[in-house]
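Asker: Compact mmCIF, C-alpha atoms, saved as coords30.txt, coming up:
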```txt
# COMPACT_ATOMS: atom_id res chain seq x y z
CA MET P 1 -19.97 31.13 39.96
CA THR P 2 -19.51 34.64 38.57
CA PRO P 3 -16.21 36.52 38.95
CA GLU P 4 -17.93 38.89 41.39
CA GLU P 5 -19.11 36.00 43.58
CA ILE P 6 -15.61 34.52 43.58
CA GLU P 7 -14.12 37.88 44.58
CA ARG P 8 -16.36 37.92 47.64
CA LEU P 9 -15.07 34.54 48.89
CA SER P 10 -12.80 34.68 51.93
CA LEU P 11 -9.67 32.65 52.47
CA ASP P 12 -11.57 30.46 54.94
CA ASP P 13 -14.23 29.74 52.28
CA LEU P 14 -11.49 28.65 49.89
CA LYS P 15 -9.85 26.50 52.57
CA ARG P 16 -13.14 24.76 53.22
CA MET P 17 -13.51 24.01 49.50
CA MET P 18 -10.01 22.55 49.52
CA THR P 19 -11.07 19.76 51.86
CA ASP P 20 -14.59 19.26 50.50
CA PRO P 21 -14.94 15.46 50.22
CA GLN P 22 -17.79 15.76 47.72
CA THR P 23 -15.46 16.99 44.97
CA VAL P 24 -13.62 13.93 43.70
CA VAL P 25 -10.17 14.51 42.25
CA PRO P 26 -10.07 12.75 38.85
CA GLU P 27 -7.23 10.47 37.86
CA GLU P 28 -6.42 12.87 35.00
CA MET P 29 -5.57 15.59 37.52
CA ARG P 30 -3.31 13.22 39.46
CA THR P 31 -1.57 12.30 36.19
CA ARG P 32 -1.12 15.99 35.39
CA LEU P 33 0.41 16.62 38.81
CA ARG P 34 2.81 13.70 38.29
CA ASP P 35 3.74 15.10 34.87
CA ILE P 36 4.33 18.55 36.40
CA ALA P 37 6.67 16.96 38.96
CA CYS P 38 8.59 15.18 36.15
CA ALA P 39 8.80 18.38 34.11
CA ALA P 40 10.09 20.29 37.15
CA ARG P 41 12.79 17.66 37.73
CA LEU P 42 13.80 17.76 34.06
CA ASP P 43 13.85 21.54 34.10
CA ALA P 44 16.10 21.46 37.18
CA GLY P 45 18.71 19.39 35.30
CA GLY P 46 17.32 15.90 35.89
CA MET P 47 17.88 14.76 32.29
CA ALA P 48 21.30 13.34 33.24
CA SER P 49 19.76 10.97 35.78
CA LEU P 50 17.96 9.15 32.96
CA ASP P 51 21.35 7.65 31.98
CA GLY P 52 21.45 5.73 35.23
CA HIS P 53 23.26 8.22 37.43
CA ARG P 54 21.76 8.90 40.80
CA HIS P 55 19.35 11.79 40.81
CA GLU P 56 20.67 15.33 41.11
CA SER P 57 18.96 15.85 44.47
CA VAL P 58 20.73 12.79 45.94
CA ARG P 59 24.06 14.00 44.62
CA ARG P 60 23.33 17.41 46.08
CA LYS P 61 22.47 15.77 49.40
CA TYR P 62 26.00 14.33 49.70
CA LEU P 63 27.79 17.28 48.12
CA TRP P 64 28.89 18.47 51.57
CA LEU P 65 31.18 15.40 51.81
CA ARG P 66 33.35 16.94 49.09
CA GLY P 67 34.00 19.89 51.37
CA LEU P 68 34.78 17.75 54.41
CA VAL P 69 38.53 17.26 53.71
CA PRO P 70 39.43 20.93 53.16
CA ALA P 71 37.21 21.88 56.10
CA THR P 72 39.04 19.46 58.41
CA ALA P 73 42.42 20.73 57.20
CA LEU P 74 41.30 24.31 57.79
CA ALA P 75 40.04 23.48 61.30
CA ALA P 76 43.37 21.76 62.16
CA LEU P 77 45.33 24.79 60.89
CA ALA P 78 43.14 27.13 62.92
CA ALA P 79 43.64 25.00 66.06
CA VAL P 80 47.45 25.02 65.63
CA LEU P 81 47.51 28.78 65.14
CA LEU P 82 45.28 29.30 68.17
CA LEU P 83 47.38 27.08 70.42
CA ASN P 84 50.56 28.80 69.24
CA ARG P 85 49.12 32.17 70.12
CA ARG P 86 48.04 31.04 73.57
CA SER P 87 51.30 29.24 74.63
CA PRO P 88 53.52 31.53 76.80
CA GLN P 89 56.50 32.95 75.00
CA PRO P 90 59.78 33.46 76.95
CA LYS P 91 60.45 37.12 77.59
CA ASP P 92 63.81 38.87 77.87
CA THR P 93 64.35 39.69 81.54
CA PHE P 94 67.72 41.43 81.31
CA THR P 95 68.55 44.64 79.57
CA ASP P 96 72.17 44.71 80.75
CA PRO P 97 74.26 41.88 79.15
CA LYS P 98 76.82 42.02 81.98
CA LEU P 99 74.15 41.40 84.56
CA ALA P 100 72.77 38.56 82.47
CA TYR P 101 76.25 36.99 82.24
CA ALA P 102 76.71 37.30 86.02
CA GLU P 103 73.33 35.64 86.63
CA LEU P 104 74.20 32.82 84.23
CA THR P 105 77.56 32.25 85.86
CA GLN P 106 75.89 32.09 89.27
CA ALA P 107 73.30 29.68 87.96
CA PHE P 108 75.99 27.36 86.52
CA ALA P 109 77.96 27.56 89.77
CA LEU P 110 74.90 26.50 91.76
CA PHE P 111 74.24 23.74 89.26
CA GLY P 112 77.85 22.53 89.46
CA GLU P 113 77.75 22.60 93.28
CA ALA P 114 74.53 20.62 93.33
CA LEU P 115 76.00 18.15 90.87
CA GLN P 116 79.08 17.66 93.05
CA THR P 117 77.00 17.08 96.20
CA GLY P 118 74.82 14.69 94.22
CA SER P 119 77.82 12.72 92.90
CA ALA P 120 79.33 12.43 96.39
CA ASP P 121 76.02 11.18 97.81
CA ALA P 122 75.72 8.72 94.96
CA ALA P 123 79.24 7.38 95.60
CA THR P 124 78.47 6.89 99.31
CA ALA P 125 75.24 5.14 98.45
CA PHE P 126 76.98 2.81 95.99
CA SER P 127 79.67 1.91 98.50
CA GLU P 128 77.02 1.15 101.11
CA LEU P 129 75.14 -0.95 98.62
CA GLY P 130 78.28 -2.94 97.90
CA GLN P 131 78.76 -3.89 101.59
CA PRO P 132 75.91 -6.43 101.86
CA PHE P 133 77.07 -8.10 98.64
CA ALA P 134 80.58 -8.40 100.04
CA GLU P 135 79.17 -9.97 103.23
CA ILE P 136 77.11 -12.46 101.21
CA GLN P 137 80.14 -13.42 99.14
CA GLU P 138 82.19 -13.93 102.29
CA ASN P 139 79.53 -16.21 103.80
CA LEU P 140 79.32 -18.25 100.61
CA MET V 1 12.71 28.49 46.69
CA THR V 2 14.42 25.41 45.30
CA PRO V 3 12.91 22.97 42.76
CA GLU V 4 13.02 20.40 45.58
CA GLU V 5 10.72 22.58 47.75
CA PHE V 6 8.40 23.09 44.79
CA ILE V 7 7.92 19.33 44.57
CA ARG V 8 7.85 18.72 48.33
CA VAL V 9 5.74 21.69 49.49
CA TYR V 10 3.65 23.01 46.59
CA LEU V 11 2.80 19.93 44.49
CA PRO V 12 1.11 18.00 47.34
CA LEU V 13 -1.44 20.85 47.54
CA GLY V 14 -2.61 19.88 44.04
CA ASP V 15 -5.65 17.78 45.04
CA GLY V 16 -7.07 20.48 47.28
CA LEU V 17 -6.38 23.18 44.72
CA TYR V 18 -8.21 21.16 42.09
CA ARG V 19 -11.27 20.93 44.39
CA VAL V 20 -11.30 24.72 44.76
CA ALA V 21 -10.83 25.34 41.02
CA PHE V 22 -13.61 22.88 40.22
CA ARG V 23 -16.01 24.59 42.64
CA LEU V 24 -15.18 28.00 41.17
CA LEU V 25 -15.19 27.08 37.47
CA GLY V 26 -17.64 24.18 37.44
CA LYS V 27 -15.83 22.18 34.75
CA ARG V 28 -13.27 19.42 35.23
CA GLU V 29 -11.04 20.31 32.27
CA GLU V 30 -11.11 24.04 33.14
CA ALA V 31 -10.21 23.29 36.75
CA GLU V 32 -7.28 21.07 35.70
CA ASP V 33 -5.99 23.80 33.37
CA ALA V 34 -6.28 26.43 36.11
CA VAL V 35 -4.26 24.30 38.55
CA GLN V 36 -1.65 23.63 35.87
CA ASP V 37 -1.45 27.37 35.11
CA LEU V 38 -0.90 28.01 38.81
CA TYR V 39 2.02 25.58 38.96
CA VAL V 40 3.58 27.05 35.83
CA LYS V 41 3.28 30.48 37.45
CA ILE V 42 4.91 29.23 40.66
CA TRP V 43 7.78 27.58 38.73
CA ASN V 44 8.41 30.74 36.74
CA ASN V 45 8.67 32.74 40.01
CA LEU V 46 10.65 30.33 42.17
CA ASP V 47 13.06 33.00 43.42
CA GLY V 48 10.26 35.36 44.42
CA LEU V 49 8.59 32.69 46.55
CA ASP V 50 11.26 32.73 49.25
CA ARG V 51 9.22 35.40 51.01
CA VAL V 52 5.99 33.32 51.06
CA ASP V 53 5.24 32.29 54.65
CA ASN V 54 2.06 30.34 53.99
CA PRO V 55 2.25 28.46 50.65
CA GLU V 56 -1.31 27.13 50.95
CA ALA V 57 -2.90 30.56 51.46
CA TRP V 58 -0.69 32.05 48.74
CA CYS V 59 -1.72 29.32 46.25
CA LEU V 60 -5.41 29.77 47.09
CA VAL V 61 -5.32 33.51 46.47
CA VAL V 62 -3.40 33.16 43.18
CA LEU V 63 -5.68 30.33 42.05
CA ARG V 64 -8.76 32.41 42.82
CA ASN V 65 -7.37 35.25 40.68
CA LEU V 66 -6.53 32.83 37.86
CA CYS V 67 -10.10 31.48 37.95
CA ILE V 68 -11.54 35.02 37.85
CA ASP V 69 -9.27 35.82 34.86
CA ARG V 70 -10.44 32.66 33.10
CA LEU V 71 -14.10 33.49 33.63
CA ARG V 72 -13.63 37.09 32.49
CA THR V 73 -11.69 36.01 29.40
CA LYS V 74 -14.44 33.56 28.53
CA GLY V 75 -17.06 36.27 29.08
CA ALA V 76 -15.14 38.59 26.78
CA GLN V 77 -14.83 35.86 24.12
CA ARG V 78 -18.60 35.25 24.33
CA ALA V 79 -19.19 38.99 23.88
CA VAL V 80 -17.00 39.03 20.75
CA ARG V 81 -18.86 36.04 19.36
CA ALA V 82 -22.16 37.89 19.94
CA GLY V 83 -20.85 40.75 17.77
CA GLU V 84 -19.93 43.12 20.59
CA GLU V 85 -16.59 44.81 21.00
CA LEU V 86 -13.86 43.30 23.20
CA PRO V 87 -13.52 45.62 26.24
CA ASP V 88 -9.83 45.08 26.98
CA GLU V 89 -7.26 43.15 25.07
CA VAL V 90 -6.18 40.16 27.13
CA PRO V 91 -2.41 39.62 26.89
CA PRO V 92 -1.39 36.13 25.82
CA GLU V 93 -0.10 33.89 28.59
CA GLN V 94 3.69 33.99 28.61
CA SER V 95 5.03 30.54 27.98
CA GLY V 96 7.69 29.53 30.50
CA ARG V 97 10.23 26.74 30.35
CA LEU V 98 8.19 24.43 32.54
CA GLU V 99 5.25 24.67 30.16
CA GLN V 100 7.46 23.59 27.27
CA THR V 101 8.96 20.72 29.25
CA LEU V 102 5.53 19.71 30.53
CA SER V 103 4.17 19.62 27.01
CA ALA V 104 7.12 17.38 26.00
CA VAL V 105 6.45 15.06 28.96
CA ARG V 106 2.73 14.90 28.19
CA SER V 107 3.48 13.93 24.59
CA LEU V 108 5.13 10.70 25.79
CA PRO V 109 3.14 7.46 26.02
CA ALA V 110 1.57 6.76 29.43
CA ARG V 111 4.00 3.89 30.16
CA SER V 112 7.04 6.11 29.50
CA ARG V 113 5.60 8.81 31.76
CA GLU V 114 5.14 6.27 34.53
CA LEU V 115 8.78 5.17 34.20
CA LEU V 116 9.90 8.79 34.12
CA HIS V 117 8.00 9.44 37.34
CA LEU V 118 9.59 6.46 39.08
CA ARG V 119 13.05 7.59 38.02
CA LEU V 120 12.81 11.36 38.45
CA VAL V 121 10.30 11.91 41.22
CA GLU V 122 10.39 8.67 43.23
CA ASP V 123 14.16 8.70 42.65
CA LEU V 124 14.36 4.91 42.16
CA SER V 125 17.47 3.24 40.72
CA TYR V 126 17.31 1.04 37.61
CA ALA V 127 17.40 -2.03 39.87
CA GLU V 128 14.47 -0.75 41.95
CA ILE V 129 12.42 0.16 38.86
CA SER V 130 13.21 -3.28 37.46
CA ARG V 131 11.81 -4.92 40.62
CA GLU V 132 8.75 -2.67 40.52
CA THR V 133 7.90 -3.09 36.83
CA GLY V 134 9.33 -6.49 35.94
CA LEU V 135 11.40 -4.97 33.12
CA SER V 136 15.07 -5.95 32.93
CA GLU V 137 17.69 -3.31 33.69
CA ASN V 138 18.93 -3.49 30.10
CA ALA V 139 15.43 -2.94 28.75
CA LEU V 140 15.12 0.04 31.09
CA ARG V 141 18.40 1.51 29.84
CA VAL V 142 17.16 1.30 26.26
CA THR V 143 13.73 2.72 27.18
CA PHE V 144 15.19 5.66 29.12
CA HIS V 145 17.60 6.36 26.27
CA ARG V 146 14.64 6.55 23.89
CA ILE V 147 12.66 8.74 26.29
CA LYS V 148 15.63 11.07 26.54
CA GLN V 149 15.92 11.30 22.77
CA GLN V 150 12.19 12.03 22.44
CA LEU V 151 12.35 14.73 25.10
CA LYS V 152 15.46 16.34 23.64
CA LYS V 153 13.68 16.77 20.32
CA LYS V 154 10.96 18.81 22.01
CA ILE V 155 12.75 20.77 24.71
```
Would it be possible to restate this file's structure as structure tokens?
Answerer:
Amino acid sequence: MTPEEIERLSLDDLKRMMTDPQTVVPEEMRTRLRDIACAARLDAGGMASLDGHRHESVRRKYLWLRGLVPATALAALAAVLLLNRRSPQPKDTFTDPKLAYAELTQAFALFGEALQTGSADAATAFSELGQPFAEIQENL
Amino acid sequence: MTPEEFIRVYLPLGDGLYRVAFRLLGKREEAEDAVQDLYVKIWNNLDGLDRVDNPEAWCLVVLRNLCIDRLRTKGAQRAVRAGEELPDEVPPEQSGRLEQTLSAVRSLPARSRELLHLRLVEDLSYAEISRETGLSENALRVTFHRIKQQLKKKI
């Protein structure tokens, strides 16, 4: 073919030639392609793998594992910070300390009163609980 | 584009590209050289190939241009031999790193190249190569050490 004839070929023409079964690919071409692949690997730093280390591409494949630990730590830190920000913080409700003191005193008084009522009820309950035991002992 | 993609995407197109080059140039050796030139060109422009959407179409167009250049260069050389003047000076092909490495690989004996292929491209371990070839792992260690030394002298 002349250069002018080749220039006139369309992409479809070239694609058809690519799959033409009549053109046999010689073993020499296959060997060349294998050599090109080897040269590419060597050029990309594959010389080290000749010593018996796993190939660079395999090491690269698992390289992400190295980043797993710091990534997990970072994610945990982010989660803690996020939860801390979202949890409700107690707010000051009193501006006047005297009023706050009065409220506190009232709260303690109520608490004390409730505690007293509770203790009295508990004492009554205990004494009532003791009655059946006393009856059992008497019958024994 | 990464070297991995070069091997996985572009190299498998080699058979088809050879068929095209052979149809355009008409000679086996010429076609093989044109395909090799194409791959050297691709390797030397790996970064620029990130924008290529259709590697097959891209390779076909570049290969066609390489074949045209080859035919024109040959035509010019014939003209010089016939006593005519060379129309345009053709710049020498810039030699890239892959070309140098490829030449070093091709200088190795066929058996060493086979082993190199199993190790580097097939990514087999010494144990796997040993099973495949029948060579002991120790023998492989020695052979690969020698291959490495031979390559280092030339790269």
Asker: Which residue gives the smallest distance to Val121 of chain V among P:Ser49, P:Gln22, P:Thr105, P:Asn84, with all atoms listed in the file counted?
Answerer: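 Under the stated criterion, the closest residue is P:Ser49.
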Asker: Counting only C-alpha atoms, a student should be able to say which residues of chain V come within 6 Å of chain P; what is the right answer, written as a CSV table (one decimal) with C-alpha atoms, in the coordinates of the input?
Answerer:
```
chain,number,residue,atom,x,y,z
V,16,GLY,CA,-7.1,20.5,47.3
V,19,ARG,CA,-11.3,20.9,44.4
V,20,VAL,CA,-11.3,24.7,44.8
V,24,LEU,CA,-15.2,28.0,41.2
V,68,ILE,CA,-11.5,35.0,37.8
V,101,THR,CA,9.0,20.7,29.2
V,102,LEU,CA,5.5,19.7,30.5
V,117,HIS,CA,8.0,9.4,37.3
V,144,PHE,CA,15.2,5.7,29.1
```
Asker: As number ranges by chain, please: the residues near Asp37 of chain V (cut-off 12 Å, only C-alpha atoms, same-chain neighbours under 4 positions excluded).
Answerer: P: 32-33, 36; V: 14, 17-18, 21, 30-33, 41-44, 59, 62-67, 69-70, 93-96, 98-99, 102
Asker: Please report the interatomic distance between atom CA of Asp47 of chain V and atom CA of Thr2 of chain V in Å with one decimal.
Answerer: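 Taking atom CA of Asp47 of chain V and atom CA of Thr2 of chain V, their separation equals 7.9 Å.
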Asker: Could you check which of V:Leu140, V:Thr73, V:Gln100, V:Leu120 is closest to Lys152 of chain V, using only C-alpha atoms?
Answerer: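 Among the listed residues, V:Gln100 lies closest to Lys152 of chain V.
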Asker: Report the distance between atom CA of Asp53 of chain V and atom CA of Glu5 of chain V in Å, rounded to one decimal place.
Answerer: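 If I compute the distance from atom CA of Asp53 of chain V to atom CA of Glu5 of chain V, I get 13.1 Å.
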Asker: Take atom CA of Gln36 of chain V and atom CA of Arg8 of chain P and report the distance between them in Å, one decimal.
Answerer: 23.6 Å
Asker: Which centre and edge lengths in Å to one decimal define the box along x, y and z that fits every listed atom of segment 44-50 of chain P plus 6 Å per side, as AutoDock Vina command-line options?
Answerer:
```
--center_x 18.7 --center_y 15.3 --center_z 34.7 --size_x 17.2 --size_y 24.3 --size_z 16.9
```
